[in-house]
Every structure is written in C-alpha cells, then in structure tokens.
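Dropping work_10.txt in here (compact mmCIF, C-alpha atoms):
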```
# COMPACT_ATOMS: atom_id res chain seq x y z
CA MET A 1 23.59 23.23 40.37
CA LYS A 2 25.15 23.82 37.01
CA TYR A 3 22.46 26.17 35.68
CA SER A 4 20.76 29.07 37.38
CA ARG A 5 17.00 29.25 37.10
CA ARG A 6 17.23 32.02 34.49
CA GLU A 7 19.68 30.04 32.38
CA PHE A 8 17.56 26.91 32.64
CA MET A 9 14.39 28.70 31.51
CA GLY A 10 16.24 30.34 28.64
CA LEU A 11 17.70 27.04 27.51
CA SER A 12 14.30 25.34 27.63
CA ILE A 13 12.70 28.02 25.48
CA LYS A 14 15.56 27.84 22.95
CA THR A 15 15.23 24.04 22.76
CA MET A 16 11.48 24.31 22.21
CA VAL A 17 11.94 26.85 19.41
CA LEU A 18 14.62 24.64 17.82
CA LEU A 19 12.38 21.56 17.96
CA ALA A 20 9.49 23.47 16.42
CA ALA A 21 11.79 24.69 13.65
CA LEU A 22 13.12 21.17 12.95
CA ASP A 23 9.57 19.89 12.66
CA TRP A 24 8.73 22.27 9.84
CA PRO A 25 10.80 21.02 6.90
CA SER A 26 9.31 17.50 6.81
CA LYS A 27 5.81 18.92 6.79
CA LEU A 28 6.47 21.54 4.16
CA LEU A 29 8.20 19.02 1.90
CA ALA A 30 5.25 16.70 1.73
CA LEU A 31 2.32 19.05 1.66
CA THR A 32 3.35 22.16 -0.28
CA LYS A 33 3.04 20.94 -3.85
CA TYR A 34 0.44 18.33 -3.12
CA ASN A 35 -2.99 19.59 -2.10
CA TRP A 36 -4.97 16.65 -0.79
CA GLU A 37 -8.29 18.45 -1.16
CA ASP A 38 -7.95 18.04 -4.94
CA TYR A 39 -7.77 14.25 -4.84
CA LEU A 40 -9.84 11.26 -3.93
CA TRP A 41 -7.93 8.14 -4.87
CA GLY A 42 -9.74 5.21 -6.43
CA TYR A 43 -8.40 1.86 -7.58
CA GLY A 44 -9.76 -0.55 -10.17
CA ILE A 45 -9.00 -4.25 -10.62
CA ASP A 46 -10.00 -5.93 -13.86
CA ILE A 47 -10.27 -9.66 -13.13
CA ASP A 48 -10.68 -10.54 -16.81
CA ARG A 49 -7.10 -9.42 -17.44
CA CYS A 50 -5.26 -10.86 -14.44
CA ILE A 51 -2.82 -13.65 -15.33
CA GLY A 52 -1.69 -14.34 -11.76
CA CYS A 53 1.99 -13.65 -12.48
CA GLY A 54 2.53 -12.16 -9.02
CA ARG A 55 4.64 -9.19 -10.19
CA CYS A 56 2.42 -6.84 -8.13
CA VAL A 57 3.02 -8.83 -4.96
CA SER A 58 6.76 -8.87 -5.59
CA ALA A 59 6.87 -5.14 -6.40
CA CYS A 60 4.81 -4.28 -3.30
CA LYS A 61 7.15 -6.23 -1.05
CA LYS A 62 10.21 -4.48 -2.50
CA GLU A 63 8.70 -1.00 -2.46
CA ASN A 64 7.33 -1.16 1.07
CA ASN A 65 9.83 -3.43 2.84
CA VAL A 66 7.21 -6.06 3.57
CA PRO A 67 8.81 -9.13 5.22
CA ASP A 68 9.33 -11.93 2.73
CA ASP A 69 7.62 -14.67 4.78
CA PRO A 70 4.59 -16.20 3.06
CA PHE A 71 2.11 -14.71 5.54
CA PHE A 72 2.88 -10.98 5.42
CA PHE A 73 1.24 -9.23 2.49
CA ARG A 74 -0.04 -5.78 1.66
CA THR A 75 -1.44 -7.20 -1.56
CA TRP A 76 -1.82 -10.81 -2.64
CA ILE A 77 -3.49 -12.88 -5.36
CA GLU A 78 -6.09 -15.58 -4.82
CA ARG A 79 -7.01 -18.28 -7.31
CA TYR A 80 -10.68 -19.22 -7.40
CA VAL A 81 -11.64 -22.59 -8.85
CA GLU A 82 -15.24 -23.62 -9.23
CA ARG A 83 -15.80 -27.36 -9.69
CA LYS A 84 -18.90 -29.27 -10.52
CA ASP A 85 -19.91 -31.47 -7.63
CA LYS A 86 -22.78 -33.87 -6.99
CA SER A 87 -24.13 -31.60 -4.26
CA GLY A 88 -23.81 -28.46 -6.38
CA ASP A 89 -20.79 -26.41 -7.31
CA LYS A 90 -17.81 -26.33 -5.03
CA ILE A 91 -15.40 -23.39 -4.66
CA GLU A 92 -11.70 -23.81 -3.98
CA VAL A 93 -9.49 -20.84 -3.12
CA ASP A 94 -5.71 -20.96 -2.83
CA SER A 95 -2.88 -18.47 -2.69
CA PRO A 96 0.57 -20.14 -2.59
CA ASN A 97 3.00 -17.56 -1.14
CA GLY A 98 0.39 -14.89 -1.89
CA GLY A 99 0.90 -15.56 -5.60
CA LYS A 100 4.38 -14.01 -5.45
CA ASP A 101 5.98 -16.86 -7.40
CA GLY A 102 3.13 -17.22 -9.84
CA PHE A 103 0.74 -20.14 -9.86
CA ALA A 104 1.49 -23.68 -11.03
CA ASP A 105 -1.17 -25.02 -13.34
CA LEU A 106 -3.90 -27.05 -11.67
CA SER A 107 -3.09 -30.74 -11.76
CA ASN A 108 -6.70 -31.94 -11.58
CA LYS A 109 -8.57 -30.23 -14.38
CA LYS A 110 -11.61 -32.49 -14.13
CA ASP A 111 -14.99 -30.88 -13.55
CA ILE A 112 -13.68 -27.30 -13.60
CA VAL A 113 -16.55 -24.92 -14.31
CA LYS A 114 -14.39 -21.82 -14.19
CA SER A 115 -11.20 -20.52 -12.65
CA PHE A 116 -9.75 -17.04 -12.30
CA PHE A 117 -7.34 -14.89 -10.29
CA VAL A 118 -8.41 -12.19 -7.83
CA PRO A 119 -5.81 -9.69 -6.58
CA LYS A 120 -6.65 -8.45 -3.11
CA MET A 121 -5.49 -5.57 -0.96
CA CYS A 122 -6.75 -2.95 1.49
CA ASN A 123 -10.08 -1.64 0.19
CA HIS A 124 -9.55 1.91 1.52
CA CYS A 125 -13.14 2.03 2.72
CA GLU A 126 -15.01 5.30 2.94
CA ASN A 127 -16.31 3.96 6.23
CA PRO A 128 -13.36 1.96 7.57
CA PRO A 129 -14.01 -0.42 10.49
CA CYS A 130 -10.30 -0.48 11.35
CA VAL A 131 -10.28 3.25 12.07
CA GLN A 132 -13.32 3.04 14.32
CA VAL A 133 -11.75 0.45 16.60
CA CYS A 134 -8.27 1.97 17.02
CA PRO A 135 -8.05 3.01 20.68
CA VAL A 136 -5.21 5.51 20.27
CA GLY A 137 -5.88 7.18 16.92
CA ALA A 138 -2.98 5.48 15.15
CA THR A 139 -4.96 4.62 12.05
CA TYR A 140 -7.03 7.14 10.14
CA LYS A 141 -8.49 8.12 6.80
CA THR A 142 -6.86 11.05 5.02
CA LYS A 143 -8.82 13.67 3.11
CA ASP A 144 -7.72 12.10 -0.19
CA GLY A 145 -9.36 8.86 0.87
CA VAL A 146 -6.39 6.70 1.90
CA VAL A 147 -6.44 4.72 5.13
CA LEU A 148 -3.01 5.05 6.77
CA VAL A 149 -1.25 3.77 9.88
CA ASP A 150 0.80 5.99 12.19
CA GLN A 151 3.55 3.51 12.96
CA ASP A 152 5.13 5.68 15.63
CA TYR A 153 1.88 5.91 17.55
CA CYS A 154 0.48 2.38 17.08
CA ILE A 155 0.61 0.27 20.24
CA GLY A 156 0.29 -3.04 18.38
CA CYS A 157 -2.96 -4.14 20.03
CA ARG A 158 -4.23 -5.78 16.81
CA TYR A 159 -7.83 -4.56 17.15
CA CYS A 160 -7.69 -3.23 13.59
CA ILE A 161 -6.38 -6.55 12.26
CA GLN A 162 -9.42 -8.24 13.79
CA ALA A 163 -11.80 -5.56 12.60
CA CYS A 164 -10.81 -5.56 8.93
CA PRO A 165 -13.37 -7.66 7.03
CA TYR A 166 -10.94 -8.09 4.11
CA GLY A 167 -7.98 -9.41 6.10
CA ALA A 168 -5.82 -6.68 4.66
CA ARG A 169 -3.72 -5.95 7.75
CA TYR A 170 -0.92 -7.79 9.51
CA LEU A 171 1.32 -7.17 12.50
CA HIS A 172 4.80 -6.24 11.33
CA PRO A 173 7.11 -8.81 12.95
CA GLU A 174 10.01 -6.39 13.54
CA LYS A 175 8.28 -3.10 14.22
CA ARG A 176 5.47 -4.81 16.21
CA VAL A 177 2.88 -2.42 14.78
CA ALA A 178 0.00 -2.84 12.37
CA ASP A 179 0.96 -2.58 8.70
CA LYS A 180 -1.14 -2.42 5.55
CA CYS A 181 -1.41 -1.07 2.02
CA THR A 182 -1.00 2.71 1.90
CA LEU A 183 -1.71 2.91 -1.85
CA CYS A 184 2.02 3.79 -1.85
CA TYR A 185 1.21 7.16 -0.27
CA HIS A 186 4.87 8.20 -0.70
CA ARG A 187 4.50 7.68 -4.46
CA ILE A 188 1.01 9.02 -5.18
CA THR A 189 1.71 12.31 -3.39
CA LYS A 190 4.62 12.82 -5.81
CA GLY A 191 2.66 12.08 -8.98
CA LEU A 192 3.70 8.45 -9.35
CA LYS A 193 1.40 5.44 -9.39
CA PRO A 194 1.47 2.75 -6.68
CA ALA A 195 4.21 0.16 -7.27
CA CYS A 196 1.71 -2.66 -7.93
CA VAL A 197 -0.03 -0.63 -10.64
CA ASP A 198 3.30 0.17 -12.29
CA ALA A 199 4.50 -3.42 -12.10
CA CYS A 200 1.34 -5.01 -13.51
CA PRO A 201 2.20 -6.24 -17.04
CA VAL A 202 -1.40 -6.56 -18.27
CA SER A 203 -3.02 -3.39 -16.85
CA THR A 204 -5.25 -5.35 -14.48
CA ARG A 205 -4.68 -2.71 -11.86
CA ILE A 206 -5.96 0.79 -12.56
CA PHE A 207 -5.40 3.81 -10.38
CA GLY A 208 -6.54 7.41 -10.53
CA ASN A 209 -8.25 10.43 -9.05
CA LEU A 210 -12.01 10.04 -8.59
CA LYS A 211 -12.42 13.82 -8.41
CA ASP A 212 -11.12 14.24 -11.96
CA PRO A 213 -13.96 13.33 -14.37
CA ASN A 214 -11.52 12.36 -17.16
CA SER A 215 -9.18 10.24 -15.07
CA ILE A 216 -8.40 6.65 -16.02
CA ILE A 217 -10.28 5.35 -12.99
CA ASN A 218 -13.45 7.25 -13.88
CA ASN A 219 -13.26 5.88 -17.42
CA PHE A 220 -12.87 2.41 -15.94
CA LEU A 221 -15.93 2.92 -13.70
CA LYS A 222 -18.01 4.16 -16.63
CA SER A 223 -17.02 1.47 -19.14
CA LYS A 224 -17.08 -1.64 -16.93
CA LYS A 225 -19.62 -3.40 -14.75
CA ILE A 226 -18.33 -2.71 -11.28
CA GLN A 227 -18.64 -4.61 -8.02
CA VAL A 228 -17.02 -4.12 -4.64
CA LEU A 229 -16.17 -6.76 -2.04
CA LYS A 230 -18.69 -7.40 0.75
CA PRO A 231 -21.03 -4.51 -0.11
CA HIS A 232 -23.52 -5.64 2.56
CA LEU A 233 -21.12 -4.48 5.28
CA GLY A 234 -21.56 -0.85 4.29
CA THR A 235 -17.83 -0.17 4.33
CA ASN A 236 -18.03 1.53 0.93
CA PRO A 237 -14.71 0.36 -0.54
CA LYS A 238 -12.74 2.40 -3.07
CA ILE A 239 -11.22 -0.70 -4.70
CA TYR A 240 -13.55 -1.40 -7.60
CA TYR A 241 -13.60 -4.87 -9.19
CA SER A 242 -14.71 -5.65 -12.68
CA GLY A 243 -15.53 -9.24 -13.62
CA ILE A 244 -15.72 -10.85 -10.19
CA ASP A 245 -18.30 -13.45 -9.32
CA LYS A 246 -20.66 -13.73 -6.40
CA GLU A 247 -18.29 -16.31 -4.87
CA VAL A 248 -15.51 -13.77 -4.34
CA ARG A 249 -15.48 -12.56 -0.76
CA MET B 1 -16.99 29.74 71.02
CA SER B 2 -17.97 32.70 68.89
CA LYS B 3 -18.92 32.53 65.23
CA ASN B 4 -15.84 34.52 64.05
CA LYS B 5 -13.54 31.67 64.97
CA THR B 6 -15.02 29.20 62.48
CA SER B 7 -12.11 27.66 60.50
CA TYR B 8 -12.21 27.38 56.69
CA GLY B 9 -8.77 25.78 56.38
CA HIS B 10 -10.07 22.38 55.32
CA ILE B 11 -12.10 23.90 52.47
CA LYS B 12 -9.13 25.90 51.27
CA ARG B 13 -7.02 22.77 51.24
CA LEU B 14 -9.69 21.00 49.25
CA ILE B 15 -9.78 23.80 46.69
CA PHE B 16 -5.99 23.79 46.40
CA LEU B 17 -5.98 20.04 45.94
CA ALA B 18 -8.65 20.23 43.22
CA ALA B 19 -6.79 23.06 41.46
CA PHE B 20 -3.56 21.06 41.64
CA LEU B 21 -5.19 17.97 40.17
CA ILE B 22 -6.81 19.90 37.33
CA LEU B 23 -3.55 21.71 36.60
CA SER B 24 -1.55 18.49 36.56
CA LEU B 25 -4.12 16.94 34.24
CA VAL B 26 -3.74 19.89 31.85
CA VAL B 27 0.06 19.67 32.04
CA LEU B 28 0.06 15.90 31.50
CA ARG B 29 -2.19 16.29 28.47
CA MET B 30 0.18 18.89 27.06
CA VAL B 31 3.14 16.57 27.60
CA PHE B 32 1.67 13.31 26.37
CA ILE B 33 -0.63 14.32 23.52
CA PRO B 34 1.51 15.01 20.43
CA LYS B 35 1.54 18.57 19.18
CA THR B 36 -0.25 17.91 15.91
CA PHE B 37 -2.71 15.36 17.26
CA TRP B 38 -6.00 17.17 16.56
CA GLU B 39 -4.71 19.02 13.52
CA PHE B 40 -6.95 17.14 11.06
CA GLY B 41 -8.79 14.70 13.31
CA PHE B 42 -8.25 12.02 15.91
CA TYR B 43 -4.70 11.30 14.77
CA ARG B 44 -1.23 12.83 14.60
CA GLY B 45 -1.10 15.31 11.71
CA ASP B 46 2.65 14.76 11.31
CA SER B 47 2.10 11.12 10.51
CA ILE B 48 0.78 12.06 7.05
CA ALA B 49 4.09 13.68 6.17
CA GLU B 50 5.95 10.71 7.62
CA ASN B 51 3.98 8.35 5.39
CA ALA B 52 4.49 10.62 2.37
CA ASN B 53 8.25 10.91 2.92
CA LYS B 54 9.10 7.21 2.81
CA PRO B 55 11.75 6.38 0.21
CA ILE B 56 10.71 5.50 -3.34
CA ILE B 57 12.19 2.24 -4.67
CA PHE B 58 10.66 1.89 -8.16
CA ALA B 59 11.68 4.79 -10.37
CA GLY B 60 9.25 4.26 -13.27
CA SER B 61 10.05 3.83 -16.96
CA SER B 62 10.30 7.56 -17.66
CA ALA B 63 13.38 7.60 -15.43
CA CYS B 64 15.02 4.98 -17.67
CA LYS B 65 14.26 7.05 -20.77
CA ASP B 66 16.82 9.77 -19.96
CA CYS B 67 19.79 7.47 -20.45
CA HIS B 68 18.45 4.44 -22.34
CA GLU B 69 16.45 6.28 -24.96
CA GLU B 70 17.17 3.79 -27.74
CA LYS B 71 15.97 0.82 -25.73
CA TYR B 72 13.01 2.89 -24.52
CA LYS B 73 11.85 3.57 -28.08
CA ILE B 74 12.14 -0.09 -29.08
CA TRP B 75 10.20 -1.07 -25.97
CA LEU B 76 7.40 1.41 -26.74
CA ASP B 77 6.94 0.00 -30.24
CA PHE B 78 6.24 -3.60 -29.37
CA ARG B 79 3.89 -5.78 -27.43
CA HIS B 80 5.78 -5.69 -24.15
CA LYS B 81 5.12 -1.95 -23.87
CA THR B 82 2.61 -2.59 -21.07
CA VAL B 83 5.41 -4.14 -19.00
CA ILE B 84 7.52 -1.41 -17.40
CA CYS B 85 11.31 -1.82 -17.34
CA GLU B 86 11.48 -2.52 -13.63
CA THR B 87 8.98 -5.37 -13.71
CA CYS B 88 11.74 -7.48 -15.27
CA HIS B 89 14.94 -5.57 -14.42
CA GLY B 90 14.11 -4.94 -10.76
CA PRO B 91 13.69 -1.66 -8.85
CA ALA B 92 16.12 0.94 -10.16
CA ILE B 93 15.89 4.19 -8.19
CA LYS B 94 19.37 3.55 -6.75
CA HIS B 95 20.71 2.82 -10.22
CA SER B 96 19.24 6.10 -11.50
CA GLU B 97 20.97 8.00 -8.68
CA ASN B 98 24.28 6.21 -9.08
CA PRO B 99 24.29 4.66 -12.57
CA MET B 100 27.92 3.61 -12.59
CA GLU B 101 28.18 1.64 -9.38
CA ILE B 102 24.71 0.20 -8.81
CA LYS B 103 23.40 -1.90 -11.68
CA PRO B 104 19.89 -3.30 -11.97
CA THR B 105 19.51 -7.06 -12.11
CA LYS B 106 19.20 -8.91 -15.39
CA PRO B 107 16.39 -11.40 -15.60
CA GLY B 108 17.45 -14.30 -17.70
CA LYS B 109 15.94 -17.34 -16.21
CA ARG B 110 13.31 -19.33 -17.96
CA GLU B 111 11.10 -19.47 -14.85
CA PHE B 112 10.76 -15.69 -14.88
CA CYS B 113 9.16 -15.67 -18.34
CA LEU B 114 6.89 -18.51 -17.30
CA TYR B 115 5.40 -16.47 -14.42
CA CYS B 116 3.42 -14.73 -17.15
CA HIS B 117 3.64 -17.04 -20.15
CA GLY B 118 3.38 -20.44 -18.47
CA LYS B 119 0.30 -22.40 -19.41
CA ASN B 120 -2.37 -22.14 -16.75
CA ILE B 121 -6.05 -22.93 -17.00
CA SER B 122 -6.95 -19.99 -14.76
CA LYS B 123 -5.46 -17.39 -17.11
CA PRO B 124 -7.59 -15.43 -19.58
CA LYS B 125 -7.91 -17.40 -22.83
CA SER B 126 -6.51 -14.61 -25.03
CA PHE B 127 -3.18 -14.40 -23.21
CA PRO B 128 -0.24 -15.99 -25.10
CA VAL B 129 1.09 -18.96 -23.14
CA VAL B 130 3.33 -22.00 -23.71
CA ASP B 131 3.54 -25.29 -21.86
CA GLY B 132 6.92 -25.03 -20.14
CA ASN B 133 7.32 -28.81 -19.99
CA ILE B 134 6.97 -29.25 -23.75
CA HIS B 135 8.21 -25.98 -25.28
CA ASN B 136 12.03 -26.50 -25.52
CA PRO B 137 12.62 -27.38 -21.85
CA GLY B 138 15.99 -26.38 -20.42
CA ILE B 139 16.65 -23.61 -22.94
CA ASN B 140 16.50 -19.97 -21.84
CA CYS B 141 13.69 -18.07 -23.58
CA PHE B 142 15.91 -15.16 -24.67
CA GLU B 143 18.02 -17.49 -26.80
CA CYS B 144 15.16 -17.52 -29.32
CA HIS B 145 12.92 -14.58 -28.34
CA ASN B 146 13.97 -10.95 -27.98
CA PRO B 147 12.31 -9.80 -24.75
CA HIS B 148 12.04 -6.15 -25.90
CA ASN B 149 10.47 -7.20 -29.19
CA PRO B 150 8.88 -10.58 -28.48
CA LYS B 151 7.83 -11.33 -32.05
CA GLN B 152 11.39 -11.03 -33.40
CA ARG B 153 13.34 -14.29 -33.41
CA GLN B 154 16.94 -14.14 -32.27
CA LYS B 155 19.66 -16.22 -33.86
```

Go ahead and render the structure in this file as structure tokens.
Amino acid sequence: MKYSRREFMGLSIKTMVLLAALDWPSKLLALTKYNWEDYLWGYGIDIDRCIGCGRCVSACKKENNVPDDPFFFRTWIERYVERKDKSGDKIEVDSPNGGKDGFADLSNKKDIVKSFFVPKMCNHCENPPCVQVCPVGATYKTKDGVVLVDQDYCIGCRYCIQACPYGARYLHPEKRVADKCTLCYHRITKGLKPACVDACPVSTRIFGNLKDPNSIINNFLKSKKIQVLKPHLGTNPKIYYSGIDKEVR
Amino acid sequence: MSKNKTSYGHIKRLIFLAAFLILSLVVLRMVFIPKTFWEFGFYRGDSIAENANKPIIFAGSSACKDCHEEKYKIWLDFRHKTVICETCHGPAIKHSENPMEIKPTKPGKREFCLYCHGKNISKPKSFPVVDGNIHNPGINCFECHNPHNPKQRQK
C-alpha cells in the first residue's frame, strides 16, 4: 500500500475541505448582490403590437445556444388566421421555422376575418405541471417565480415535456436533457432584461418585477385587458397576454 | 438441557444485519444525494447558481454607448430608438470585451429590413410597411434610407 491509514484519512479530509471551498465562489457570485426574495418576475406580451419579425426567436437562439433546427425553440411565434367558412369560422395556425425568418405574406387573402401574431414561450406557471411530474427533482420553481431545469441532474425521461400544456419544452439533442425558457435567468439576476425583450423592436414583450408596484409590468397589467393561456387548467401563468382572442390556445 | 444454555446468536446476527443495512442506506444517501439538494426544496440548490452564471451574449445598448456615443445619440433621437443596436448588428458582448479584434456583423441585406417592414396582412395596420416586390426590388434599403434615422433620405 502506498498510503498508511492515517495518511489516507488525512488526505480524504483535505480533499473534502478543498471541494467545499471550491464550491463556494460560484454560489457567492450569483446570490450575493441579487436577493431573490425581492423579486417575482412577470412577463407581458402585447399582441396588438407584434409584427412577427422573429427577432426575439433569433435573439433567444443566440443567447441560449438553442439548436438551429426548426423544431427546437424556447420561444416561437404563431400566426393565427381566421377565415369565414360556410360551416362557421375556421382557424389556421402556422409557424414556419418558429417565425425566426419572419412570415411571408398570406397568398390567399380571401375570406380573412382577422389575422395576428402570437409569440409563445414557457408560461412560468405559479403551479407548474412540469415540476410536479419530475421524478428526480431536476426542474423546479425558484422563489422569484422562474421555472428552471437542472441540466446536470435531469435524466432526460421527457415526463415534463409531456406534462407541459403549452408545449414549451424540448429535449436538447446534444445534452439529452430537457431544455426550456429560463427568462434568461443569467441576465435577469444581473439587472438585464431577457434577450427576447431586448431584441423586440416594437415593445411587444414587456418584462418586470411584479413585487414592485411601479414596475413596467405592473403598469402593463393595470392599463391593458389581460388574459392568460389556458386559464381553466389552473396553472396560473405569469406570462400575461393583452389582445389575444378566445381561439388562442 | 437447562434454560441457561439457550442460544441468542441468531437474534444477534439479525440485529447486526439490520444495523448494517440501515447504516449502508444512510451512507448511500449521503453519497448519492447532492450536498445542496434540500437547501431550498426538492432540487439541487447549486443549480440556481449554475443557471445564473451562464454566459451573457447580448450586451445591451448601454454597453455600446461608452464607445459609440455619437451614434447612440442619433439613434435615441429617431424612430428606430425602440430597436436596440444588437437587434440589427448582432450580439456584441465579445466585441465589447475585445473591440479591436472581434467586430459585430453589419446587416445590409434587403431581406433583413423586410422582416419588419415587409407588407403582411397579419401585421398591425399602423406599422409602416412596403411591398418588397414593388418597392424598388433588387436595391438595398440603406442606399436610400438611413437606418439610424429612417426618415432621412440618403444620396
């Protein structure tokens, strides 16, 4: 044997102390200046302003290293078209490449009743179904109201992807773990806005602290008529829509 | 056989076995459950810091202001002030850290302007649009329009 028992025990204790010490800096860095008890993040989307340019989708993909294939999105834009039909009104929904390259104008403009763009993303529910179903505790809601994924702990079982009623999650093709919108948690904890909010050229996307009565999001909630997606499910989303129709799911 | 000779060995073995199993369960839990797992709830407390420490890619327009103050002031004065620099010029945190070597991209293509300003029936009626097929096709927008001050006509 190379080590005596005494040496081995001593070495183990030193290693443990060293590991504990190495763990500290990352934690201190993130949570010293930022006190998550002071925040509850809310997000507004004003449909009446959205022009479907897709800059949010593009910015999100760049900021969060989302794969560029047309079926991996943390946020995407849908186009709703309501047409008059003999048997009542008909709804068409499409989202070419998640809206990342904008939308080509509709070729058949006959019988259009109305048409509009709806940006979609994780709804950061107060009562998130994805968190309930995770068998290992790899997805959770933080105290500032953001639903996050622990990508080192996720086993890639896809229960959460099935459970999400908004289709906001996908399995990352390289990491083989669930991935979703984090409201750019690395940005908001440092005083920046999420990348999609910054990139939006027409201020469709609004972001702020619900605990601050004068924040931009609270002004948005007071001044607009607000709806959330699928309210009957009781998920209590914190993505608030203004100007959506009953057809939007 | 007298009563004194009754053997309790099998019971002792059973107790040892139970104690061993319980102890190994405790040890296994200590090994396999991460240190910070119950810190805030049924998840790893460290994962919050991991999520918060991911690298930032978009620097924000205030970062551009430090060096490009002239352009920044022009931008603030005109209608494109709701469009941050990086929406058109691309993410620039690397450029802000190393301004000489890493340059942001220059949007110049006509298609890029048409993402926003292309005619589309689904857009809000008040938004200024042109029909890309009719409005001087094949010419780059910036040849006539100044992107930082869209109302000014360039020669």

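All of the residues in chain B within 7 Å of chain A are B:Phe42, B:Tyr43, B:Asp46, B:Ser47, B:Ala49, B:Asn51, B:Ala52, B:Asn53, B:Lys54, B:Ile56, B:Ile57, B:Phe58, B:Thr82, B:Val83, B:Ile84, B:Thr87, B:Tyr115, B:Cys116, B:Lys119, B:Asn120, B:Ile121, B:Ser122, B:Lys123, B:Pro124, where all atoms listed in the file were counted.
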
In Å, with one decimal, what is the gap from atom CA of A:Arg158 to atom CA of A:Arg74? 15.7 Å

Find the spatial neighbours of stretch 239-243 of chain A, counting only C-alpha atoms, within a cut-off of 7 Å - ignore same-chain residues fewer than 6 positions away - and output them as a ChimeraX atom specification. /A:42-48,123-124,224-228

Just the number, please: distance in Å from atom CA of B:His10 to atom CA of B:Leu28, one decimal.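 Going from atom CA of B:His10 over to atom CA of B:Leu28, I get 26.7 Å.
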
Atomic separation - atom CA of A:Ala178 relative to atom CA of A:Gly156, Å: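 That distance, rounded to one decimal, is 6.0 Å.
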